[in-house]
Every structure is written in structure tokens, then in C-alpha cells.
Amino acid sequence: MEWNTQTPWVASQRLASSEITGEAVVLNLNDGNFYGMNELATQVWNWIQQPRTVDQLTELLTSEYDVDAGTARGDVIRLLRELKERSLIEVAV
Amino acid sequence: MPVGNWTYSVYGLVLTSDQPIEELWPCEPGPPSLFVRWVEEELVPDGSVWFREWDDTGSPSLRVARADGRYLLQFPGKAGFRVSSDGREVECRPEAGIPHYTVRHLLLNQVLPLVLSRQRVPVFHGSCVDLGSGAAVFAGATGRGKSTLSGFFARCGYPLVTDDCVALVPTEAGFAVSPSYPGVRLWKDSLEFLNGDETTCPPVAHDKTKRHFAGGVMSSSTRPVPLRRFYCLDRSEGNTIEITRLEGAALIREVVSSQFLLDSGDPRELETSFRTACRIAETGSCYRLVVPRGFDRLPEVADTISRHAQRSFQ
């Protein structure tokens, strides 16, 4: 799937989430599935509670962590793809 | 639904019934939060569309349908129940020839825990004792030894809070465990180990081999006990007793999977369950407890738990 880096993504509506001991835990209310997130995913998950593009998330990541833009962009796209496959994010309208 | 003649306290609620439910603690009449009515009319029509089924032995032991804004629960060949959407009204119809005590067992241990989820009362499949420092809950799937462990503690003098179903009530400090009714339900080998006498311990139902053991010296709590530990119980393949802190998604998954939910397809019910699990997580009281098989290890297991429950959270 081609990723438009200007498309704004946001956490889906029908979810419940919480942060427990630094780890985001998300429940998909549509299917009852749980997801736990590691430190990086938790950080991105927090950012994406409001609409963010790949470019914006990449910039946030490089400012927060010691990582180059290319690596950060790859990580962001990989993570967004996983979240999308699990219906945890949607395109912001 | 008319108010019944008998009033009881169970799972932190006031229940009224138009038939006596002798297992429960009677209480002073007050504003009831749950009505139980015993009826003769057929409650579960043919052709009901079941959206949940529990299957014990290849045929459904319990199935649930929605109809006219209410829930229908059928224990095939035993009893049918009709429950209001808000979980405040329960109608019960035993099948012909089914003993009253069997239907009461179904009502108390299977229907009410599910129904309470409609009242947003969190109820877990587990057992609980008061260890002095607070309530220790043992949650987990059938056959992991929850009742035997609680029964052992009770025989050692610790008050039993509840068996089979654990209802929590929020408090300022976290949660308390509401008492249900006296006694534990045990298989024959556990009953013998705890010196129970099969002749004085009635079966929980006419078609079950489990016995209801209230023990001559077994004390029971009649008031809510502050939650101290929430142990997710599992069996060890080896010999070790392990207590490890549960965190993050693993914690939430364990706690939610132990919870009774009547309609897990209802997003509000699911979200309430999730929020409760998160609040329990915030108390820092959740641990995985892995214990070896064998009654001979129970004293050591109980001692380990008792010492662990005394300690500060870590």
C-alpha cells in the first residue's frame, strides 16, 4: 500500500484505551480484541489522538528520539500500517 | 414487576424474590436493586436466535438470546430465565421435575453474575478470602483450584468472602469485594482433603457431582472487604510457586477474561469491563499466581500467599 505522507491519521472512534505502567493498552470495541504497545508505539499512539500526518509524526519522533529522519519515517509508516490493519486508526475527516 | 416477599443481600445488592432463596443472607427490606420472580409461563420461545452459547459436553449448557429488549437465558432441560436490559428484573421458570435447589444454583452462580454486568457491577469468575490485611481474590478458569484454595484458607480460620463469583464495589481507595453467600463448591477429592463429609454436603445441583461445603467452623464475611490482592491463578507444570506482578496489556487481558459479561457484543458493557480492569490495574494489586498441583502443597501455597499479601506492593 502506498502511503500518502500528507494524509492525516487519527485514533479510531470505537476504541477504549488507557496507559498502564507506561504501556498503552487498546481495546477494539468492535471485535473485543486487545492490543498492548511498546514504548515507541505508545508515544505515537498518544500523538495520534489528534490528526497527524506521516510527516508530522516523523518530525515529532526525530525531535524526541536520537534517530534520523529516514529511519523514523520507516518506523512511523510500519506502525501506522499495523494500526490500520487492526482498525485502530482511520483517516481524519 | 411486583416486589417479592423475601429480601436478601448478595454481591453488594438488595435482592427481593417471591420465593425463598435459602442460601442467601436475609436483610432488612430496602430499596431493591434486583427483583427475582418465579413464573410458570414459558419464557424462552422456540426459534430464539442464540448469540452466545456455553458448551460443556458437546451440547449447550447455557445459551443466550435477545428478544424484545430483554435477554433470554436457557439452560436446556433445566430452566429458562428472562432478564431486563438493565439487569434489574429476572424472571425464572424451572423445567418440569427440576429440583428447586438446582435452579437456585443456576440463578446464583451463573445467571446473577452475568446479569450484574448489565448493572455495571464488575463480577469475576473467582473465589475470595479475607486474609486480615484485606481481601485476596483468586481468579481464573474452571479447574485451577480457586475454590479448594479458598476452602483451605477458610479451614485455617480466614473468613470466606465469596466463592465462584467475585463482585467488586468501588471505594475511595480502590475496590472492596462484596460477600455472596457462605460455603465453597468442591469436587469430591477436594472435599475429602478439607475433611468435608459427603453425607452432610449437598450436591450443588441434581446433575452435578460438586458439593456445597459450608464447614462447621468455616466463617464468612458479611461485609465488603477492601481488595488487597487480585491473583490470576494458574497451574504450574513443575513444582514451584510463583507470584509475579502483572502489568500492561497482559494484566488487562487476564482481568477482563475473568469477568462475567452477559453481552460482550455491547460496546458499553465491553468498555465498562475495560475501564474496571484499568482501575484495578491502578491499584497495583494484580499478580499472576502459579501453583503446583497436589493437595500436599496447599499449606505451603497458602503460607506463601499469606506472606505476600502482608507485604507492601512491589
# chains A, B, ... in the order shown; residues from 1 in each chain; ligands from 1
$ residues_around --residues "Leu194 of chain B" --least-positions-apart "2" --cutoff "10 Å" --atoms "only C-alpha atoms" --output "list in words"
Thr148, Gly151, Phe152, Ala154, Arg155, Leu186, Lys188, Asp189, Ser190, Leu191, Glu192, Gly196, Asp197, Phe213, Gly215 and Phe295 of chain B
$ write_last_selection --atoms "C-alpha atoms" --output "PDB file, in the first residue's frame"
ATOM      1  CA  THR B 148     -10.062 -25.506  47.018  1.00  0.00           C
ATOM      2  CA  GLY B 151     -11.684 -23.528  51.228  1.00  0.00           C
ATOM      3  CA  PHE B 152      -8.251 -24.318  52.656  1.00  0.00           C
ATOM      4  CA  ALA B 154     -11.290 -20.862  55.388  1.00  0.00           C
ATOM      5  CA  ARG B 155     -10.437 -24.090  57.215  1.00  0.00           C
ATOM      6  CA  LEU B 186     -15.872 -28.557  45.707  1.00  0.00           C
ATOM      7  CA  LYS B 188     -15.118 -34.917  45.826  1.00  0.00           C
ATOM      8  CA  ASP B 189     -11.319 -35.120  46.192  1.00  0.00           C
ATOM      9  CA  SER B 190     -11.090 -31.519  47.424  1.00  0.00           C
ATOM     10  CA  LEU B 191     -13.968 -32.099  49.806  1.00  0.00           C
ATOM     11  CA  GLU B 192     -12.214 -35.111  51.299  1.00  0.00           C
ATOM     12  CA  GLY B 196     -15.777 -32.431  54.419  1.00  0.00           C
ATOM     13  CA  ASP B 197     -18.385 -35.115  54.834  1.00  0.00           C
ATOM     14  CA  PHE B 213     -19.254 -27.248  51.616  1.00  0.00           C
ATOM     15  CA  GLY B 215     -17.901 -26.489  57.001  1.00  0.00           C
ATOM     16  CA  PHE B 295      -3.143 -31.130  47.917  1.00  0.00           C
TER      17      PHE B 295
END
$ residues_around --residues "Val83 of chain B" --least-positions-apart "4" --cutoff "8 Å" --atoms "only C-alpha atoms" --output "list of chain:residue names"
B:Arg70, B:Tyr71, B:Leu72, B:Leu73, B:Gly87, B:Arg88, B:Glu89, B:Val90, B:Glu91, B:Val115
$ interface_residues --of "chain B" --to "chain A" --cutoff "6 Å" --atoms "only C-alpha atoms" --output "list in words"
Gly248, Ala249 and Pro267 of chain B
$ residues_around --residues "Leu60 of chain A" --least-positions-apart "5" --cutoff "12 Å" --atoms "only C-alpha atoms" --output "list of chain:residue names"
A:Leu40, A:Gln43, A:Val44, A:Asn46, A:Trp47, A:Ile48, A:Arg52, A:Thr53, A:Val54, A:Asp55, A:Tyr65, A:Asp66, A:Val67, A:Asp68, A:Ala69, A:Ala72, A:Arg73, A:Val76
$ residues_around --residues "Arg37 of chain B" --least-positions-apart "4" --cutoff "12 Å" --atoms "only C-alpha atoms" --output "list in words"
Met1, Pro2, Val3, Gly4, Asn5, Trp6, Leu15, Thr16, Ser17, Asp18, Gln19, Pro20, Ile21, Glu41, Leu43, Phe81, Arg82, Val83, Arg88, Glu89, Val90, Glu91, Cys92, Arg93, Pro94 and Leu107 of chain B
$ select_by_dssp --residues "segment 119-265 of chain B" --states "alpha helix (DSSP H)" --output "ChimeraX atom specification"
/B:146-155,188-193,248-257
$ atom_distance --atom1 "atom CA of His308 of chain B" --atom2 "atom CA of Arg229 of chain B"
9.1 Å
$ closest_residue --among "B:Val256, B:Val39, B:Leu246, B:Leu289" --to "Ala309 of chain B" --atoms "only C-alpha atoms"
B:Leu289
$ residues_around --residues "Phe230 of chain B" --least-positions-apart "5" --cutoff "6 Å" --atoms "only C-alpha atoms" --output "mmCIF file with N, CA and C atoms, in the first residue's frame"
data_model
loop_
_atom_site.group_PDB
_atom_site.id
_atom_site.type_symbol
_atom_site.label_atom_id
_atom_site.label_comp_id
_atom_site.auth_asym_id
_atom_site.auth_seq_id
_atom_site.Cartn_x
_atom_site.Cartn_y
_atom_site.Cartn_z
ATOM 1 N N VAL B 137 -8.275 -12.143 46.130
ATOM 2 C CA VAL B 137 -9.117 -12.751 45.102
ATOM 3 C C VAL B 137 -8.282 -13.743 44.306
ATOM 4 N N SER B 285 -2.573 -4.091 42.509
ATOM 5 C CA SER B 285 -2.815 -5.292 43.321
ATOM 6 C C SER B 285 -2.807 -6.585 42.512
ATOM 7 N N CYS B 286 -2.550 -6.500 41.201
ATOM 8 C CA CYS B 286 -2.698 -7.683 40.334
ATOM 9 C C CYS B 286 -1.413 -8.488 40.181
#
$ select_by_dssp --residues "segment 112-213 of chain B" --states "strand (DSSP E or B)" --output "ChimeraX atom specification"
/B:123-130,135-139,160-162,165-170,175-178,184-186,203,211-213
$ residues_around --residues "segment 258-260 of chain B" --least-positions-apart "5" --cutoff "8 Å" --atoms "only C-alpha atoms" --output "number ranges by chain"
B: 113-114, 117, 122-126, 139-141, 273
$ write_last_selection --atoms "C-alpha atoms" --output "PDB file, in the first residue's frame"
ATOM      1  CA  PRO B 113     -23.092 -12.814  37.787  1.00  0.00           C
ATOM      2  CA  LEU B 114     -23.990 -12.277  34.123  1.00  0.00           C
ATOM      3  CA  SER B 117     -22.800  -6.838  34.233  1.00  0.00           C
ATOM      4  CA  PRO B 122     -17.953  -5.943  37.858  1.00  0.00           C
ATOM      5  CA  VAL B 123     -18.161  -9.659  38.653  1.00  0.00           C
ATOM      6  CA  PHE B 124     -15.300 -12.092  38.137  1.00  0.00           C
ATOM      7  CA  HIS B 125     -15.036 -15.854  37.957  1.00  0.00           C
ATOM      8  CA  GLY B 126     -13.114 -16.440  41.144  1.00  0.00           C
ATOM      9  CA  ALA B 139      -9.493 -15.506  39.606  1.00  0.00           C
ATOM     10  CA  GLY B 140      -9.185 -17.833  36.664  1.00  0.00           C
ATOM     11  CA  ALA B 141     -10.730 -20.546  34.558  1.00  0.00           C
ATOM     12  CA  SER B 273     -15.271  -4.028  31.722  1.00  0.00           C
TER      13      SER B 273
END
$ closest_residue --among "A:Thr42, A:Ser87, A:Gln13, A:Gln6" --to "Gln56 of chain A" --atoms "only C-alpha atoms"
A:Gln6
$ residues_around --residues "Val291 of chain B" --least-positions-apart "5" --cutoff "8 Å" --atoms "only C-alpha atoms" --output "list in words"
Leu233, Asp234, Arg235, Ser236, Asn239, Thr240, Ile241, Glu242 and Val301 of chain B
$ atom_distance --atom1 "atom CA of Ala65 of chain B" --atom2 "atom CA of Gly80 of chain B"
11.2 Å
$ closest_residue --among "A:Trp45, A:Gly70, A:Glu59, A:Val10" --to "Ile89 of chain A" --atoms "only C-alpha atoms"
A:Val10
$ atom_distance --atom1 "atom CA of Asp164 of chain B" --atom2 "atom CA of Ser127 of chain B"
5.2 Å
$ closest_residue --among "A:Asp75, A:Trp3, A:Glu39, A:Glu85" --to "Thr62 of chain A" --atoms "only C-alpha atoms"
A:Asp75
$ decode --residues "segment 17-65 of chain A" --atoms "N, CA and C atoms" --output "PDB file, in the first residue's frame"
ATOM      1  N   SER A  17      -9.019   3.072  25.395  1.00  0.00           N
ATOM      2  CA  SER A  17      -7.585   2.894  25.617  1.00  0.00           C
ATOM      3  C   SER A  17      -7.164   3.511  26.929  1.00  0.00           C
ATOM      4  N   SER A  18      -6.040   3.042  27.418  1.00  0.00           N
ATOM      5  CA  SER A  18      -5.514   3.537  28.677  1.00  0.00           C
ATOM      6  C   SER A  18      -4.005   3.285  28.677  1.00  0.00           C
ATOM      7  N   GLU A  19      -3.298   3.988  29.562  1.00  0.00           N
ATOM      8  CA  GLU A  19      -1.864   3.755  29.669  1.00  0.00           C
ATOM      9  C   GLU A  19      -1.580   3.149  31.033  1.00  0.00           C
ATOM     10  N   ILE A  20      -1.000   1.975  31.014  1.00  0.00           N
ATOM     11  CA  ILE A  20      -0.739   1.255  32.262  1.00  0.00           C
ATOM     12  C   ILE A  20       0.750   0.961  32.338  1.00  0.00           C
ATOM     13  N   THR A  21       1.362   1.434  33.396  1.00  0.00           N
ATOM     14  CA  THR A  21       2.816   1.307  33.590  1.00  0.00           C
ATOM     15  C   THR A  21       3.573   1.639  32.298  1.00  0.00           C
ATOM     16  N   GLY A  22       3.197   2.769  31.713  1.00  0.00           N
ATOM     17  CA  GLY A  22       3.913   3.272  30.548  1.00  0.00           C
ATOM     18  C   GLY A  22       3.606   2.570  29.249  1.00  0.00           C
ATOM     19  N   GLU A  23       2.636   1.684  29.272  1.00  0.00           N
ATOM     20  CA  GLU A  23       2.311   0.889  28.086  1.00  0.00           C
ATOM     21  C   GLU A  23       0.861   1.150  27.696  1.00  0.00           C
ATOM     22  N   ALA A  24       0.649   1.621  26.464  1.00  0.00           N
ATOM     23  CA  ALA A  24      -0.722   1.838  26.012  1.00  0.00           C
ATOM     24  C   ALA A  24      -1.414   0.497  25.808  1.00  0.00           C
ATOM     25  N   VAL A  25      -2.633   0.415  26.290  1.00  0.00           N
ATOM     26  CA  VAL A  25      -3.451  -0.773  26.095  1.00  0.00           C
ATOM     27  C   VAL A  25      -4.730  -0.314  25.402  1.00  0.00           C
ATOM     28  N   VAL A  26      -5.053  -0.957  24.306  1.00  0.00           N
ATOM     29  CA  VAL A  26      -6.183  -0.522  23.498  1.00  0.00           C
ATOM     30  C   VAL A  26      -7.155  -1.683  23.317  1.00  0.00           C
ATOM     31  N   LEU A  27      -8.411  -1.397  23.500  1.00  0.00           N
ATOM     32  CA  LEU A  27      -9.462  -2.388  23.280  1.00  0.00           C
ATOM     33  C   LEU A  27     -10.294  -1.934  22.088  1.00  0.00           C
ATOM     34  N   ASN A  28     -10.389  -2.778  21.085  1.00  0.00           N
ATOM     35  CA  ASN A  28     -11.248  -2.501  19.938  1.00  0.00           C
ATOM     36  C   ASN A  28     -12.672  -2.928  20.306  1.00  0.00           C
ATOM     37  N   LEU A  29     -13.560  -1.949  20.437  1.00  0.00           N
ATOM     38  CA  LEU A  29     -14.916  -2.250  20.902  1.00  0.00           C
ATOM     39  C   LEU A  29     -15.743  -2.970  19.838  1.00  0.00           C
ATOM     40  N   ASN A  30     -15.255  -2.982  18.620  1.00  0.00           N
ATOM     41  CA  ASN A  30     -15.988  -3.689  17.559  1.00  0.00           C
ATOM     42  C   ASN A  30     -15.824  -5.196  17.650  1.00  0.00           C
ATOM     43  N   ASP A  31     -14.609  -5.618  17.995  1.00  0.00           N
ATOM     44  CA  ASP A  31     -14.374  -7.068  17.990  1.00  0.00           C
ATOM     45  C   ASP A  31     -13.879  -7.609  19.331  1.00  0.00           C
ATOM     46  N   GLY A  32     -13.671  -6.713  20.322  1.00  0.00           N
ATOM     47  CA  GLY A  32     -13.250  -7.162  21.648  1.00  0.00           C
ATOM     48  C   GLY A  32     -11.778  -7.540  21.737  1.00  0.00           C
ATOM     49  N   ASN A  33     -10.991  -7.239  20.713  1.00  0.00           N
ATOM     50  CA  ASN A  33      -9.563  -7.594  20.753  1.00  0.00           C
ATOM     51  C   ASN A  33      -8.751  -6.536  21.514  1.00  0.00           C
ATOM     52  N   PHE A  34      -7.724  -7.013  22.220  1.00  0.00           N
ATOM     53  CA  PHE A  34      -6.826  -6.138  22.975  1.00  0.00           C
ATOM     54  C   PHE A  34      -5.507  -5.979  22.253  1.00  0.00           C
ATOM     55  N   TYR A  35      -4.885  -4.836  22.460  1.00  0.00           N
ATOM     56  CA  TYR A  35      -3.549  -4.625  21.909  1.00  0.00           C
ATOM     57  C   TYR A  35      -2.697  -3.894  22.941  1.00  0.00           C
ATOM     58  N   GLY A  36      -1.509  -4.402  23.159  1.00  0.00           N
ATOM     59  CA  GLY A  36      -0.556  -3.710  24.012  1.00  0.00           C
ATOM     60  C   GLY A  36       0.509  -3.081  23.136  1.00  0.00           C
ATOM     61  N   MET A  37       1.038  -1.936  23.549  1.00  0.00           N
ATOM     62  CA  MET A  37       2.008  -1.236  22.712  1.00  0.00           C
ATOM     63  C   MET A  37       3.321  -1.029  23.463  1.00  0.00           C
ATOM     64  N   ASN A  38       4.422  -1.105  22.710  1.00  0.00           N
ATOM     65  CA  ASN A  38       5.722  -0.838  23.324  1.00  0.00           C
ATOM     66  C   ASN A  38       5.925   0.670  23.485  1.00  0.00           C
ATOM     67  N   GLU A  39       7.106   1.057  23.932  1.00  0.00           N
ATOM     68  CA  GLU A  39       7.336   2.470  24.266  1.00  0.00           C
ATOM     69  C   GLU A  39       7.141   3.386  23.052  1.00  0.00           C
ATOM     70  N   LEU A  40       7.740   2.993  21.918  1.00  0.00           N
ATOM     71  CA  LEU A  40       7.633   3.825  20.720  1.00  0.00           C
ATOM     72  C   LEU A  40       6.178   3.906  20.240  1.00  0.00           C
ATOM     73  N   ALA A  41       5.520   2.746  20.198  1.00  0.00           N
ATOM     74  CA  ALA A  41       4.134   2.721  19.730  1.00  0.00           C
ATOM     75  C   ALA A  41       3.233   3.522  20.671  1.00  0.00           C
ATOM     76  N   THR A  42       3.523   3.457  21.964  1.00  0.00           N
ATOM     77  CA  THR A  42       2.733   4.214  22.929  1.00  0.00           C
ATOM     78  C   THR A  42       2.879   5.714  22.675  1.00  0.00           C
ATOM     79  N   GLN A  43       4.108   6.118  22.401  1.00  0.00           N
ATOM     80  CA  GLN A  43       4.356   7.543  22.124  1.00  0.00           C
ATOM     81  C   GLN A  43       3.578   7.995  20.887  1.00  0.00           C
ATOM     82  N   VAL A  44       3.678   7.218  19.827  1.00  0.00           N
ATOM     83  CA  VAL A  44       2.965   7.558  18.589  1.00  0.00           C
ATOM     84  C   VAL A  44       1.448   7.517  18.828  1.00  0.00           C
ATOM     85  N   TRP A  45       1.020   6.531  19.593  1.00  0.00           N
ATOM     86  CA  TRP A  45      -0.411   6.413  19.896  1.00  0.00           C
ATOM     87  C   TRP A  45      -0.913   7.672  20.604  1.00  0.00           C
ATOM     88  N   ASN A  46      -0.128   8.179  21.530  1.00  0.00           N
ATOM     89  CA  ASN A  46      -0.526   9.409  22.225  1.00  0.00           C
ATOM     90  C   ASN A  46      -0.599  10.588  21.259  1.00  0.00           C
ATOM     91  N   TRP A  47       0.378  10.673  20.356  1.00  0.00           N
ATOM     92  CA  TRP A  47       0.376  11.780  19.393  1.00  0.00           C
ATOM     93  C   TRP A  47      -0.825  11.721  18.454  1.00  0.00           C
ATOM     94  N   ILE A  48      -1.225  10.488  18.144  1.00  0.00           N
ATOM     95  CA  ILE A  48      -2.235  10.317  17.106  1.00  0.00           C
ATOM     96  C   ILE A  48      -3.664  10.396  17.663  1.00  0.00           C
ATOM     97  N   GLN A  49      -3.762  10.794  18.899  1.00  0.00           N
ATOM     98  CA  GLN A  49      -5.097  11.052  19.445  1.00  0.00           C
ATOM     99  C   GLN A  49      -5.718  12.271  18.766  1.00  0.00           C
ATOM    100  N   GLN A  50      -4.856  13.077  18.132  1.00  0.00           N
ATOM    101  CA  GLN A  50      -5.372  14.118  17.239  1.00  0.00           C
ATOM    102  C   GLN A  50      -4.753  13.885  15.866  1.00  0.00           C
ATOM    103  N   PRO A  51      -5.404  14.367  14.817  1.00  0.00           N
ATOM    104  CA  PRO A  51      -4.937  14.020  13.463  1.00  0.00           C
ATOM    105  C   PRO A  51      -3.477  14.413  13.219  1.00  0.00           C
ATOM    106  N   ARG A  52      -2.709  13.465  12.685  1.00  0.00           N
ATOM    107  CA  ARG A  52      -1.300  13.707  12.369  1.00  0.00           C
ATOM    108  C   ARG A  52      -0.974  13.008  11.037  1.00  0.00           C
ATOM    109  N   THR A  53      -0.128  13.645  10.266  1.00  0.00           N
ATOM    110  CA  THR A  53       0.358  13.023   9.040  1.00  0.00           C
ATOM    111  C   THR A  53       1.656  12.272   9.328  1.00  0.00           C
ATOM    112  N   VAL A  54       2.088  11.469   8.354  1.00  0.00           N
ATOM    113  CA  VAL A  54       3.361  10.763   8.485  1.00  0.00           C
ATOM    114  C   VAL A  54       4.485  11.779   8.678  1.00  0.00           C
ATOM    115  N   ASP A  55       4.442  12.859   7.930  1.00  0.00           N
ATOM    116  CA  ASP A  55       5.492  13.878   8.045  1.00  0.00           C
ATOM    117  C   ASP A  55       5.526  14.480   9.454  1.00  0.00           C
ATOM    118  N   GLN A  56       4.352  14.781   9.978  1.00  0.00           N
ATOM    119  CA  GLN A  56       4.294  15.364  11.329  1.00  0.00           C
ATOM    120  C   GLN A  56       4.802  14.379  12.379  1.00  0.00           C
ATOM    121  N   LEU A  57       4.390  13.124  12.243  1.00  0.00           N
ATOM    122  CA  LEU A  57       4.837  12.116  13.217  1.00  0.00           C
ATOM    123  C   LEU A  57       6.344  11.894  13.109  1.00  0.00           C
ATOM    124  N   THR A  58       6.854  11.931  11.890  1.00  0.00           N
ATOM    125  CA  THR A  58       8.303  11.762  11.694  1.00  0.00           C
ATOM    126  C   THR A  58       9.052  12.900  12.384  1.00  0.00           C
ATOM    127  N   GLU A  59       8.546  14.098  12.223  1.00  0.00           N
ATOM    128  CA  GLU A  59       9.197  15.262  12.842  1.00  0.00           C
ATOM    129  C   GLU A  59       9.159  15.154  14.371  1.00  0.00           C
ATOM    130  N   LEU A  60       8.015  14.748  14.894  1.00  0.00           N
ATOM    131  CA  LEU A  60       7.898  14.581  16.353  1.00  0.00           C
ATOM    132  C   LEU A  60       8.885  13.519  16.851  1.00  0.00           C
ATOM    133  N   LEU A  61       8.985  12.444  16.094  1.00  0.00           N
ATOM    134  CA  LEU A  61       9.849  11.337  16.508  1.00  0.00           C
ATOM    135  C   LEU A  61      11.324  11.756  16.513  1.00  0.00           C
ATOM    136  N   THR A  62      11.736  12.474  15.477  1.00  0.00           N
ATOM    137  CA  THR A  62      13.153  12.867  15.393  1.00  0.00           C
ATOM    138  C   THR A  62      13.487  13.923  16.454  1.00  0.00           C
ATOM    139  N   SER A  63      12.478  14.705  16.851  1.00  0.00           N
ATOM    140  CA  SER A  63      12.752  15.702  17.893  1.00  0.00           C
ATOM    141  C   SER A  63      12.792  15.071  19.283  1.00  0.00           C
ATOM    142  N   GLU A  64      12.115  13.944  19.423  1.00  0.00           N
ATOM    143  CA  GLU A  64      12.018  13.294  20.740  1.00  0.00           C
ATOM    144  C   GLU A  64      13.118  12.245  20.955  1.00  0.00           C
ATOM    145  N   TYR A  65      13.505  11.585  19.872  1.00  0.00           N
ATOM    146  CA  TYR A  65      14.469  10.484  19.976  1.00  0.00           C
ATOM    147  C   TYR A  65      15.692  10.767  19.097  1.00  0.00           C
TER     148      TYR A  65
END
